[in-house]
>>> print(open('entry.csv').read())   # CSV, C-alpha atoms
chain,number,residue,atom,x,y,z
A,1,MET,CA,-60.2,33.7,-25.0
A,2,GLU,CA,-57.4,35.2,-22.8
A,3,ASP,CA,-60.1,36.6,-20.5
A,4,LYS,CA,-61.8,33.3,-20.2
A,5,ILE,CA,-58.6,31.6,-19.3
A,6,LYS,CA,-57.8,34.4,-16.8
A,7,ARG,CA,-61.2,34.1,-15.3
A,8,LEU,CA,-61.0,30.3,-15.0
A,9,LEU,CA,-57.6,30.5,-13.4
A,10,GLN,CA,-58.7,33.2,-11.0
A,11,GLU,CA,-61.7,31.1,-10.0
A,12,ALA,CA,-59.5,28.1,-9.4
A,13,ASP,CA,-57.2,30.4,-7.3
A,14,GLN,CA,-60.1,31.6,-5.3
A,15,LYS,CA,-61.3,28.1,-4.9
A,16,ALA,CA,-57.8,27.1,-3.6
A,17,GLY,CA,-57.9,30.0,-1.2
A,18,LEU,CA,-55.0,31.5,0.5
A,19,PRO,CA,-52.0,29.5,1.7
A,20,ALA,CA,-51.8,28.4,5.3
A,21,PRO,CA,-50.9,31.4,7.4
A,22,LEU,CA,-47.2,31.9,7.8
A,23,SER,CA,-45.7,31.7,11.2
A,24,SER,CA,-45.8,34.9,13.1
A,25,ASN,CA,-42.1,35.0,13.9
A,26,LEU,CA,-41.0,34.3,10.4
A,27,SER,CA,-38.5,37.2,10.2
A,28,SER,CA,-36.9,36.4,13.5
A,29,VAL,CA,-36.6,32.7,12.4
A,30,VAL,CA,-35.0,33.9,9.2
A,31,ARG,CA,-32.7,36.2,11.1
A,32,HIS,CA,-31.8,33.5,13.5
A,33,ARG,CA,-31.0,31.2,10.6
A,34,ALA,CA,-28.8,33.9,9.0
A,35,HIS,CA,-27.0,34.5,12.3
A,36,GLN,CA,-26.5,30.8,12.7
A,37,ARG,CA,-25.1,30.6,9.3
A,38,ARG,CA,-22.9,33.6,9.8
A,39,PHE,CA,-21.7,32.1,13.1
A,40,ILE,CA,-21.0,28.8,11.4
A,41,ARG,CA,-19.2,30.6,8.6
A,42,LEU,CA,-17.1,32.5,11.0
A,43,ALA,CA,-16.7,29.7,13.5
A,44,ALA,CA,-15.8,27.0,11.0
A,45,PRO,CA,-12.6,28.7,9.8
A,46,LEU,CA,-11.8,29.7,13.3
A,47,ALA,CA,-12.2,26.1,14.5
A,48,ALA,CA,-10.2,24.9,11.5
A,49,ALA,CA,-7.5,27.4,12.3
A,50,ALA,CA,-7.6,26.4,15.9
A,51,VAL,CA,-7.3,22.7,14.9
A,52,VAL,CA,-4.5,23.6,12.6
A,53,LEU,CA,-2.8,25.6,15.3
A,54,ILE,CA,-3.2,22.8,17.8
A,55,ALA,CA,-2.0,20.3,15.3
A,56,ALA,CA,0.9,22.5,14.5
A,57,GLY,CA,1.7,22.9,18.2
A,58,ILE,CA,1.5,19.2,18.7
A,59,TRP,CA,3.6,18.6,15.7
A,60,ASN,CA,6.1,21.2,16.8
A,61,HIS,CA,6.2,19.7,20.2
A,62,ASN,CA,6.7,16.3,18.8
A,63,THR,CA,9.3,17.6,16.4
A,64,THR,CA,11.2,19.3,19.3
A,65,LYS,CA,10.8,16.2,21.3
A,66,THR,CA,11.9,14.1,18.4
A,67,LYS,CA,14.9,16.4,17.9
A,68,GLU,CA,15.9,16.2,21.5
A,69,GLU,CA,15.4,12.4,21.4
A,70,GLN,CA,17.5,12.3,18.2
A,71,ARG,CA,20.2,14.3,19.9
A,72,LYS,CA,20.1,11.9,22.9
A,73,ILE,CA,20.2,8.9,20.6
A,74,ALA,CA,23.1,10.4,18.7
A,75,LEU,CA,25.0,11.0,22.0
A,76,LEU,CA,24.2,7.5,23.1
A,77,GLU,CA,25.3,6.1,19.8
A,78,THR,CA,28.5,8.0,20.0
A,79,GLN,CA,29.1,6.7,23.5
A,80,LEU,CA,28.1,3.2,22.4
A,81,ASN,CA,30.5,3.4,19.5
A,82,GLN,CA,33.3,4.6,21.8
A,83,LEU,CA,32.6,1.7,24.2
A,84,GLN,CA,32.5,-0.7,21.3
A,85,ALA,CA,35.8,0.6,20.1
A,86,LYS,CA,37.3,0.2,23.6
A,87,THR,CA,35.8,-3.2,23.9
A,88,ASP,CA,37.2,-4.2,20.5
A,89,ALA,CA,40.6,-2.9,21.5
A,90,ALA,CA,40.5,-4.8,24.8
A,91,LEU,CA,39.4,-7.9,23.0
A,92,ASP,CA,42.2,-7.5,20.4
A,93,LEU,CA,44.7,-7.2,23.2
A,94,ILE,CA,43.3,-10.2,25.1
A,95,ARG,CA,43.3,-12.1,21.8
A,96,ALA,CA,46.9,-11.2,21.1
A,97,VAL,CA,47.9,-12.1,24.6
A,98,LEU,CA,46.1,-15.4,24.3
A,99,ASP,CA,47.7,-16.1,20.9
A,100,GLU,CA,51.1,-15.3,22.4
A,101,GLU,CA,50.4,-17.6,25.3
A,102,GLN,CA,49.2,-20.3,23.0
A,103,LYS,CA,52.3,-19.9,20.9
A,104,GLN,CA,54.4,-20.1,24.0
A,105,ASN,CA,52.5,-23.1,25.1
A,106,LYS,CA,53.0,-24.7,21.7
A,107,PHE,CA,56.8,-24.0,21.9
A,108,ASP,CA,56.9,-25.5,25.4
A,109,GLU,CA,54.9,-28.4,24.2
A,110,LEU,CA,57.3,-28.8,21.3
A,111,ASP,CA,60.3,-28.6,23.6
A,112,ARG,CA,58.7,-31.2,25.8
A,113,LEU,CA,57.9,-33.4,22.9
A,114,GLU,CA,61.4,-33.0,21.5
A,115,ALA,CA,62.8,-33.9,24.9
A,116,GLN,CA,60.5,-36.9,25.0
A,117,LEU,CA,61.6,-37.8,21.5
A,118,ALA,CA,65.2,-37.4,22.5
A,119,SER,CA,64.7,-39.8,25.4
A,120,ILE,CA,63.1,-42.3,23.2
A,121,PRO,CA,65.7,-44.5,21.3
A,122,ASP,CA,65.6,-44.2,17.5
A,123,PRO,CA,63.4,-47.1,16.3
A,124,LEU,CA,65.1,-47.2,13.0
A,125,LYS,CA,68.4,-47.5,14.7
A,126,GLU,CA,67.0,-50.1,16.9
A,127,ILE,CA,65.6,-52.0,13.9
A,128,GLU,CA,68.9,-51.6,12.1
A,129,GLU,CA,70.7,-53.0,15.2
A,130,GLN,CA,68.2,-55.8,15.4
A,131,VAL,CA,68.6,-56.5,11.7
A,132,ASP,CA,72.4,-56.4,12.1
A,133,LEU,CA,72.2,-58.7,15.0
A,134,THR,CA,69.9,-61.1,13.2
A,135,ALA,CA,72.2,-61.1,10.2
A,136,PHE,CA,75.2,-61.6,12.4
A,137,TYR,CA,73.4,-64.5,14.1
A,138,LEU,CA,72.6,-66.1,10.7
A,139,LEU,CA,76.2,-65.7,9.6
A,140,GLY,CA,77.4,-67.2,12.8
A,141,GLN,CA,75.0,-70.1,12.5
A,142,ALA,CA,76.1,-70.6,8.8
A,143,ASP,CA,79.8,-70.5,9.8
A,144,ARG,CA,79.2,-73.0,12.5
A,145,LEU,CA,77.4,-75.3,10.0
A,146,TYR,CA,80.2,-74.9,7.5
A,147,ARG,CA,83.3,-75.0,9.8
A,148,GLU,CA,82.3,-77.0,12.8
A,149,LEU,CA,79.6,-79.3,11.6
A,150,ASN,CA,80.9,-79.5,8.0
A,151,ARG,CA,77.4,-79.2,6.6
A,152,THR,CA,78.3,-77.2,3.6
A,153,GLU,CA,74.9,-77.5,1.9
A,154,SER,CA,73.0,-76.1,4.9
A,155,ALA,CA,75.6,-73.5,5.4
A,156,VAL,CA,75.2,-72.4,1.8
A,157,GLU,CA,71.5,-72.3,2.2
A,158,THR,CA,71.8,-70.1,5.3
A,159,TYR,CA,74.3,-67.8,3.6
A,160,ASN,CA,71.9,-67.4,0.7
A,161,ARG,CA,69.0,-66.8,3.1
A,162,LEU,CA,71.1,-64.1,4.9
A,163,ILE,CA,71.9,-62.4,1.5
A,164,GLU,CA,68.2,-62.6,0.5
A,165,LEU,CA,66.9,-61.1,3.7
A,166,PHE,CA,69.5,-58.4,4.4
A,167,PRO,CA,71.2,-57.8,1.0
A,168,LYS,CA,72.7,-54.5,2.1
A,169,ASN,CA,73.9,-55.5,5.5
A,170,ARG,CA,77.6,-55.8,6.1
A,171,TRP,CA,77.2,-59.5,7.2
A,172,ALA,CA,75.6,-60.2,3.8
A,173,LYS,CA,78.9,-59.1,2.4
A,174,GLU,CA,80.7,-61.6,4.6
A,175,ALA,CA,78.2,-64.3,3.6
A,176,ARG,CA,78.9,-63.6,0.0
A,177,GLN,CA,82.7,-64.0,0.7
A,178,ARG,CA,82.0,-67.2,2.5
A,179,LEU,CA,80.0,-68.5,-0.5
A,180,SER,CA,82.8,-67.6,-2.9
A,181,GLU,CA,85.2,-69.4,-0.7
A,182,ILE,CA,83.0,-72.4,-0.7
A,183,GLU,CA,82.6,-72.2,-4.4
A,184,SER,CA,86.4,-72.0,-4.9
A,185,LYS,CA,87.0,-74.8,-2.5
A,186,LYS,CA,84.4,-76.9,-4.3
A,187,PHE,CA,86.1,-76.1,-7.7
A,188,ASN,CA,89.5,-77.0,-6.4
A,189,LYS,CA,88.3,-80.2,-5.0
A,190,MET,CA,86.6,-81.1,-8.3
A,191,TYR,CA,89.7,-80.1,-10.2
A,192,GLN,CA,91.9,-82.2,-8.0
A,193,LYS,CA,89.5,-85.1,-8.4
A,194,GLU,CA,89.5,-84.8,-12.1
A,195,SER,CA,93.3,-84.6,-12.2
A,196,ILE,CA,93.6,-87.7,-10.1
A,197,ASN,CA,91.1,-89.4,-12.4
A,198,GLU,CA,93.0,-88.2,-15.4
A,199,ILE,CA,96.2,-89.5,-13.9
A,200,HIS,CA,94.6,-92.8,-13.1
A,201,LYS,CA,93.3,-92.9,-16.6
A,202,THR,CA,96.7,-92.2,-18.0
A,203,LEU,CA,98.2,-94.6,-15.7
A,204,ARG,CA,95.7,-97.1,-16.8
A,205,HIS,CA,96.4,-96.4,-20.5
A,206,LEU,CA,100.1,-96.6,-19.8
A,207,ALA,CA,99.6,-99.9,-18.1
A,208,ASP,CA,97.4,-101.1,-20.9
A,209,PHE,CA,100.1,-100.0,-23.4
A,210,ALA,CA,102.8,-101.7,-21.4
A,211,ALA,CA,100.8,-104.8,-21.2
A,212,VAL,CA,100.1,-104.7,-24.9
A,213,LYS,CA,103.8,-104.1,-25.5
A,214,HIS,CA,104.8,-106.8,-23.2
A,215,ARG,CA,102.5,-109.2,-24.8
A,216,ALA,CA,103.7,-108.2,-28.2
A,217,GLY,CA,107.3,-108.6,-27.1
A,218,THR,CA,106.5,-111.8,-25.7
A,219,ILE,CA,105.0,-113.0,-28.8
A,220,SER,CA,107.8,-111.6,-30.9
B,1,MET,CA,-47.3,58.1,-7.6
B,2,VAL,CA,-48.1,55.4,-5.1
B,3,VAL,CA,-45.7,53.1,-6.8
B,4,MET,CA,-43.0,55.7,-6.7
B,5,ALA,CA,-43.5,56.3,-3.0
B,6,LYS,CA,-43.4,52.6,-2.4
B,7,THR,CA,-40.2,52.2,-4.3
B,8,ILE,CA,-38.6,55.0,-2.4
B,9,ASP,CA,-39.8,53.4,0.9
B,10,ASP,CA,-38.3,50.1,-0.2
B,11,GLU,CA,-35.0,51.8,-1.1
B,12,ARG,CA,-34.9,53.4,2.4
B,13,LEU,CA,-35.6,50.0,4.0
B,14,VAL,CA,-32.8,48.4,2.0
B,15,GLU,CA,-30.4,51.2,3.0
B,16,GLN,CA,-31.3,50.8,6.6
B,17,PHE,CA,-30.7,47.1,6.4
B,18,LYS,CA,-27.3,47.7,4.7
B,19,ARG,CA,-26.4,50.0,7.6
B,20,GLY,CA,-27.0,47.1,9.9
B,21,ASP,CA,-30.6,47.8,11.0
B,22,GLU,CA,-32.1,44.4,10.9
B,23,SER,CA,-35.5,45.7,11.9
B,24,ALA,CA,-35.8,46.9,8.3
B,25,PHE,CA,-35.9,43.3,7.3
B,26,ASP,CA,-38.8,42.8,9.7
B,27,ARG,CA,-40.7,45.5,7.9
B,28,ILE,CA,-39.9,44.0,4.5
B,29,VAL,CA,-41.1,40.6,5.7
B,30,GLU,CA,-44.3,42.3,7.0
B,31,GLN,CA,-44.8,43.9,3.7
B,32,TYR,CA,-44.1,41.2,1.2
B,33,SER,CA,-44.4,37.8,3.0
B,34,SER,CA,-48.1,37.4,2.0
B,35,ASP,CA,-47.4,38.2,-1.6
B,36,ILE,CA,-44.4,35.8,-1.6
B,37,ALA,CA,-46.6,33.1,0.1
B,38,ALA,CA,-49.4,33.6,-2.5
B,39,LEU,CA,-47.0,33.4,-5.4
B,40,SER,CA,-45.3,30.4,-4.0
B,41,ASN,CA,-48.7,28.8,-3.4
B,42,ARG,CA,-49.7,29.4,-7.0
B,43,LEU,CA,-46.4,28.4,-8.5
B,44,LEU,CA,-46.4,25.2,-6.5
B,45,GLY,CA,-49.9,24.3,-7.7
B,46,TRP,CA,-51.9,25.6,-4.7
B,47,SER,CA,-50.3,23.2,-2.4
B,48,GLY,CA,-51.4,25.2,0.6
B,49,GLU,CA,-48.3,24.6,2.8
B,50,VAL,CA,-45.7,27.2,1.8
B,51,ASP,CA,-44.2,28.0,5.1
B,52,ASP,CA,-40.9,26.2,4.5
B,53,VAL,CA,-40.4,27.6,1.0
B,54,VAL,CA,-41.3,31.1,2.1
B,55,GLN,CA,-38.8,30.8,4.9
B,56,ASP,CA,-36.2,29.7,2.4
B,57,ILE,CA,-37.0,32.6,0.1
B,58,LEU,CA,-36.8,35.2,2.9
B,59,PHE,CA,-33.6,33.6,4.1
B,60,ALA,CA,-32.1,34.0,0.6
B,61,ALA,CA,-33.4,37.5,0.6
B,62,PHE,CA,-31.8,38.3,4.0
B,63,LEU,CA,-28.4,37.0,2.8
B,64,GLY,CA,-28.6,38.8,-0.5
B,65,LEU,CA,-30.2,42.1,0.5
B,66,LYS,CA,-26.9,43.8,1.2
B,67,LYS,CA,-25.9,43.1,-2.4
B,68,PHE,CA,-29.2,44.4,-3.8
B,69,ARG,CA,-28.5,47.6,-5.8
B,70,CYS,CA,-32.2,48.7,-6.3
B,71,GLU,CA,-31.9,48.4,-10.0
B,72,SER,CA,-35.3,46.8,-10.0
B,73,SER,CA,-38.1,47.1,-7.4
B,74,LEU,CA,-37.8,45.2,-4.2
B,75,LYS,CA,-40.9,43.3,-5.1
B,76,THR,CA,-39.5,42.2,-8.4
B,77,TRP,CA,-36.3,41.1,-6.8
B,78,LEU,CA,-38.2,39.1,-4.1
B,79,PHE,CA,-40.5,37.6,-6.8
B,80,THR,CA,-37.4,36.6,-8.8
B,81,ILE,CA,-36.1,34.8,-5.7
B,82,THR,CA,-39.5,33.2,-5.2
B,83,VAL,CA,-39.7,31.9,-8.7
B,84,ASN,CA,-36.2,30.5,-8.5
B,85,LYS,CA,-36.8,28.9,-5.1
B,86,CYS,CA,-40.1,27.5,-6.3
B,87,ARG,CA,-38.4,26.0,-9.3
B,88,SER,CA,-35.9,24.2,-7.1
B,89,TYR,CA,-38.5,23.3,-4.6
B,90,ARG,CA,-40.7,21.8,-7.4
B,91,TYR,CA,-37.7,20.0,-8.7
B,92,LYS,CA,-36.9,18.5,-5.3
B,93,ARG,CA,-40.5,17.6,-4.8
B,94,MET,CA,-40.6,16.0,-8.2
B,95,LEU,CA,-37.6,13.9,-7.3
B,96,ARG,CA,-39.2,12.9,-4.0
B,97,LEU,CA,-42.5,12.1,-5.7
B,98,ARG,CA,-40.8,10.0,-8.3
B,99,ARG,CA,-39.9,7.6,-5.6
B,100,ILE,CA,-43.5,7.2,-4.5
B,101,TYR,CA,-44.8,7.6,-8.1
B,102,GLN,CA,-47.6,5.0,-7.8
B,103,VAL,CA,-49.0,6.4,-4.6
B,104,SER,CA,-48.8,10.0,-5.9
B,105,ARG,CA,-50.6,8.9,-9.1
B,106,GLN,CA,-53.4,7.4,-7.1
B,107,ALA,CA,-53.8,10.2,-4.7
B,108,PRO,CA,-54.4,13.9,-5.8
B,109,LEU,CA,-51.4,16.2,-5.4
B,110,SER,CA,-52.7,17.6,-2.2
B,111,SER,CA,-55.7,17.6,0.0
B,112,SER,CA,-58.8,19.5,-0.9
B,113,PRO,CA,-58.6,23.3,-1.2
B,114,THR,CA,-58.7,25.3,2.0
B,115,ALA,CA,-62.0,27.0,1.2
B,116,ASP,CA,-64.9,26.9,-1.2
B,117,LYS,CA,-65.4,30.6,-1.7
B,118,THR,CA,-66.6,30.3,-5.3
B,119,PRO,CA,-69.1,28.1,-7.1
B,120,MET,CA,-66.3,26.2,-9.0
B,121,ASP,CA,-66.7,22.5,-8.3
B,122,SER,CA,-63.9,20.4,-7.1
B,123,GLU,CA,-63.7,18.4,-10.2
B,124,THR,CA,-63.2,21.5,-12.4
B,125,PHE,CA,-60.7,22.8,-9.9
B,126,GLU,CA,-58.7,19.6,-10.0
B,127,ARG,CA,-58.7,19.8,-13.8
B,128,VAL,CA,-57.5,23.4,-13.8
B,129,ARG,CA,-54.8,22.5,-11.3
B,130,ALA,CA,-53.8,19.5,-13.3
B,131,ALA,CA,-53.6,21.7,-16.4
B,132,ILE,CA,-51.5,24.2,-14.7
B,133,ALA,CA,-49.2,21.5,-13.1
B,134,SER,CA,-48.7,19.9,-16.5
B,135,LEU,CA,-47.4,23.2,-17.9
B,136,PRO,CA,-43.6,23.4,-18.1
B,137,SER,CA,-42.1,25.9,-15.7
B,138,LYS,CA,-41.2,28.4,-18.4
B,139,TYR,CA,-45.0,28.6,-19.4
B,140,ARG,CA,-46.5,28.2,-15.9
B,141,GLU,CA,-44.5,31.0,-14.3
B,142,PRO,CA,-45.6,33.7,-16.9
B,143,VAL,CA,-49.2,32.5,-16.6
B,144,VAL,CA,-49.2,32.6,-12.8
B,145,LEU,CA,-47.5,36.0,-12.7
B,146,ARG,CA,-49.8,37.5,-15.4
B,147,TYR,CA,-53.2,36.1,-14.5
B,148,LEU,CA,-53.0,35.4,-10.8
B,149,GLN,CA,-50.4,37.9,-9.5
B,150,GLU,CA,-51.5,40.4,-12.2
B,151,LEU,CA,-48.1,41.8,-12.7
B,152,SER,CA,-47.3,44.0,-15.7
B,153,THR,CA,-45.3,42.8,-18.7
B,154,GLU,CA,-42.3,44.8,-17.5
B,155,GLU,CA,-42.5,43.3,-14.1
B,156,ILE,CA,-42.8,39.7,-15.3
B,157,SER,CA,-40.0,40.1,-17.8
B,158,GLY,CA,-38.0,41.6,-14.9
B,159,VAL,CA,-38.8,38.7,-12.6
B,160,LEU,CA,-38.2,36.0,-15.1
B,161,GLY,CA,-35.2,37.8,-16.7
B,162,ILE,CA,-36.5,37.4,-20.2
B,163,SER,CA,-37.5,39.9,-22.9
B,164,LYS,CA,-41.0,41.1,-23.5
B,165,ASN,CA,-41.2,39.3,-26.8
B,166,ALA,CA,-40.0,36.0,-25.2
B,167,LEU,CA,-42.6,36.5,-22.5
B,168,GLN,CA,-45.3,37.0,-25.1
B,169,VAL,CA,-44.2,33.9,-27.0
B,170,ARG,CA,-44.3,31.9,-23.7
B,171,LEU,CA,-47.7,33.3,-22.8
B,172,ASN,CA,-49.2,32.4,-26.2
B,173,ARG,CA,-47.9,28.9,-26.0
B,174,ALA,CA,-49.1,28.5,-22.4
B,175,ARG,CA,-52.6,29.7,-23.5
B,176,ALA,CA,-52.6,27.3,-26.4
B,177,HIS,CA,-51.8,24.5,-24.0
B,178,LEU,CA,-54.4,25.5,-21.5
B,179,ARG,CA,-57.0,26.0,-24.2
B,180,GLU,CA,-56.5,22.4,-25.2
B,181,ALA,CA,-56.3,21.0,-21.7
B,182,LEU,CA,-59.3,23.0,-20.4
B,183,ALA,CA,-61.5,23.0,-23.6
B,184,GLU,CA,-64.6,21.8,-21.8
B,185,GLU,CA,-64.3,24.2,-18.9
B,186,LEU,CA,-63.7,27.1,-21.3
B,187,LYS,CA,-66.7,26.0,-23.4
B,188,GLY,CA,-68.8,26.3,-20.3
B,189,LYS,CA,-67.6,29.8,-19.8
B,190,LEU,CA,-68.9,30.9,-23.2
>>> encode(input="entry.csv", output="structure tokens")
Amino acid sequence: MEDKIKRLLQEADQKAGLPAPLSSNLSSVVRHRAHQRRFIRLAAPLAAAAVVLIAAGIWNHNTTKTKEEQRKIALLETQLNQLQAKTDAALDLIRAVLDEEQKQNKFDELDRLEAQLASIPDPLKEIEEQVDLTAFYLLGQADRLYRELNRTESAVETYNRLIELFPKNRWAKEARQRLSEIESKKFNKMYQKESINEIHKTLRHLADFAAVKHRAGTIS
Amino acid sequence: MVVMAKTIDDERLVEQFKRGDESAFDRIVEQYSSDIAALSNRLLGWSGEVDDVVQDILFAAFLGLKKFRCESSLKTWLFTITVNKCRSYRYKRMLRLRRIYQVSRQAPLSSSPTADKTPMDSETFERVRAAIASLPSKYREPVVLRYLQELSTEEISGVLGISKNALQVRLNRARAHLREALAEELKGKL
């Protein structure tokens, strides 16, 4: 059976025939491929190394540049800080001077105001004077009513009004004295009147008694 | 005696190549390319066009020749590369064909054989080819190497990297498979 299989397979192989002829330059093609591959294998790391070197160079250059720039920036920052400090100091000085000037101006202003105030009469004093004058005028008016015109009721009313309006004024004190005077005068007058009336009454009683006595004597 | 002389000649070529003489490789190609092409053709199911795969095989040989320590014959070593390359080539082709599965099913694997040198009719040939193609690689390779390349058991086990017993087992199983697949054709041979 093995032989039959072998024969059958060999017949089929013969029927299939040989493969298509290989290219004549097969070995050179293969060698070329191998060389290409070797070149690529050699070139690729070299190219990679070159790229790395270039990148490193660029990076180094950038780093150097960056360092230099950083140094410049640091220097500029220092200068800027110094300028800032100077400016701040100058500003502080200006501010102090301005403050001082403002203070001086304020003092001057205060002095001026004080002078103005000094030139202006004291309103309270003025008012007091006015009040005093008014009270004096009222007292004068009341005195005139009382003494010259003999209008005691109106005078009392005016004195009371003066006391009511300006109770602490010196003329109110005077008004109070006047009122007490008037009161005492009124009392005296009333007392005198009552005494006279009493006398008249007594006299009338006496007269009545005498008349009664006379009449009784007469009768007797 | 002839084999011994050939082996010595191969070793000399390899040594020359290792020393940097690339012309030695030209002679190796000259000597073995047709064998490599025939084996590739058979392993790939008589596809006819083996130029690319042979180029790949020789390229791999060129790259690996400096490491070749002459522990086996140069032919065995080259055939090992051939078998391995054909496996991967078949695998790649299978992946390619899977994409156009329907088309490949309708059409035969390749065009008609290059020549009609024997009375075997095309129908029988196609059946034999189909039977061989249907064999798994581990059975097809021993069959091809034994019956078509007519290598010895030692050479085949060397090429495939398996023991003689394993080779016998594989050959038996391959034969059983072929007996079943080609029953009619084999009956006609009786």
>>> atom_distance(input="entry.csv", atom1="atom CA of B:Gln31", atom2="atom CA of B:Arg19")
19.8 Å
>>> interface_residues(input="entry.csv", of="chain B", to="chain A", cutoff="8 Å", atoms="all atoms listed in the file", output="VMD selection string")
chain B and resid 25 to 26 29 37 to 38 41 to 42 46 to 51 55 58 to 59 62 to 63 113 to 118 120 125 128 to 129 147 to 148 175 178 to 179 185 to 186 189
>>> residues_around(input="entry.csv", residues="B:Gly158", least_positions_apart="3", cutoff="10 Å", atoms="all atoms listed in the file", output="PyMOL selection string")
chain B and resi 72-73+76-77+79-80+152-155+161-164
>>> residues_around(input="entry.csv", residues="B:Asn84", least_positions_apart="5", cutoff="12 Å", atoms="only C-alpha atoms", output="short mmCIF file (atom, residue, chain, number, x, y, z; two decimals) with C-alpha atoms, in the coordinates of the input")
data_model
loop_
_atom_site.label_atom_id
_atom_site.label_comp_id
_atom_site.auth_asym_id
_atom_site.auth_seq_id
_atom_site.Cartn_x
_atom_site.Cartn_y
_atom_site.Cartn_z
CA ILE B 36 -44.40 35.80 -1.60
CA LEU B 39 -47.00 33.40 -5.40
CA SER B 40 -45.30 30.40 -4.00
CA LEU B 43 -46.40 28.40 -8.50
CA LEU B 44 -46.40 25.20 -6.50
CA VAL B 53 -40.40 27.60 1.00
CA VAL B 54 -41.30 31.10 2.10
CA ASP B 56 -36.20 29.70 2.40
CA ILE B 57 -37.00 32.60 0.10
CA ALA B 60 -32.10 34.00 0.60
CA ALA B 61 -33.40 37.50 0.60
CA TRP B 77 -36.30 41.10 -6.80
CA LEU B 78 -38.20 39.10 -4.10
CA PHE B 79 -40.50 37.60 -6.80
CA TYR B 89 -38.50 23.30 -4.60
CA ARG B 90 -40.70 21.80 -7.40
CA TYR B 91 -37.70 20.00 -8.70
CA SER B 137 -42.10 25.90 -15.70
CA LYS B 138 -41.20 28.40 -18.40
CA GLU B 141 -44.50 31.00 -14.30
CA VAL B 159 -38.80 38.70 -12.60
CA LEU B 160 -38.20 36.00 -15.10
CA GLY B 161 -35.20 37.80 -16.70
#
>>> residues_around(input="entry.csv", residues="A:Leu179", least_positions_apart="2", cutoff="10 Å", atoms="all atoms listed in the file", output="PDB file with C-alpha atoms, in the coordinates of the input")
ATOM      1  CA  THR A 152      78.300 -77.200   3.600  1.00  0.00           C
ATOM      2  CA  ALA A 155      75.600 -73.500   5.400  1.00  0.00           C
ATOM      3  CA  VAL A 156      75.200 -72.400   1.800  1.00  0.00           C
ATOM      4  CA  GLU A 157      71.500 -72.300   2.200  1.00  0.00           C
ATOM      5  CA  TYR A 159      74.300 -67.800   3.600  1.00  0.00           C
ATOM      6  CA  ASN A 160      71.900 -67.400   0.700  1.00  0.00           C
ATOM      7  CA  LYS A 173      78.900 -59.100   2.400  1.00  0.00           C
ATOM      8  CA  GLU A 174      80.700 -61.600   4.600  1.00  0.00           C
ATOM      9  CA  ALA A 175      78.200 -64.300   3.600  1.00  0.00           C
ATOM     10  CA  ARG A 176      78.900 -63.600   0.000  1.00  0.00           C
ATOM     11  CA  GLN A 177      82.700 -64.000   0.700  1.00  0.00           C
ATOM     12  CA  GLU A 181      85.200 -69.400  -0.700  1.00  0.00           C
ATOM     13  CA  ILE A 182      83.000 -72.400  -0.700  1.00  0.00           C
ATOM     14  CA  GLU A 183      82.600 -72.200  -4.400  1.00  0.00           C
ATOM     15  CA  SER A 184      86.400 -72.000  -4.900  1.00  0.00           C
ATOM     16  CA  LYS A 185      87.000 -74.800  -2.500  1.00  0.00           C
TER      17      LYS A 185
END
>>> atom_distance(input="entry.csv", atom1="atom CA of B:Pro136", atom2="atom CA of B:Arg170")
10.2 Å
>>> atom_distance(input="entry.csv", atom1="atom CA of A:Ser119", atom2="atom CA of A:Glu101")
26.4 Å
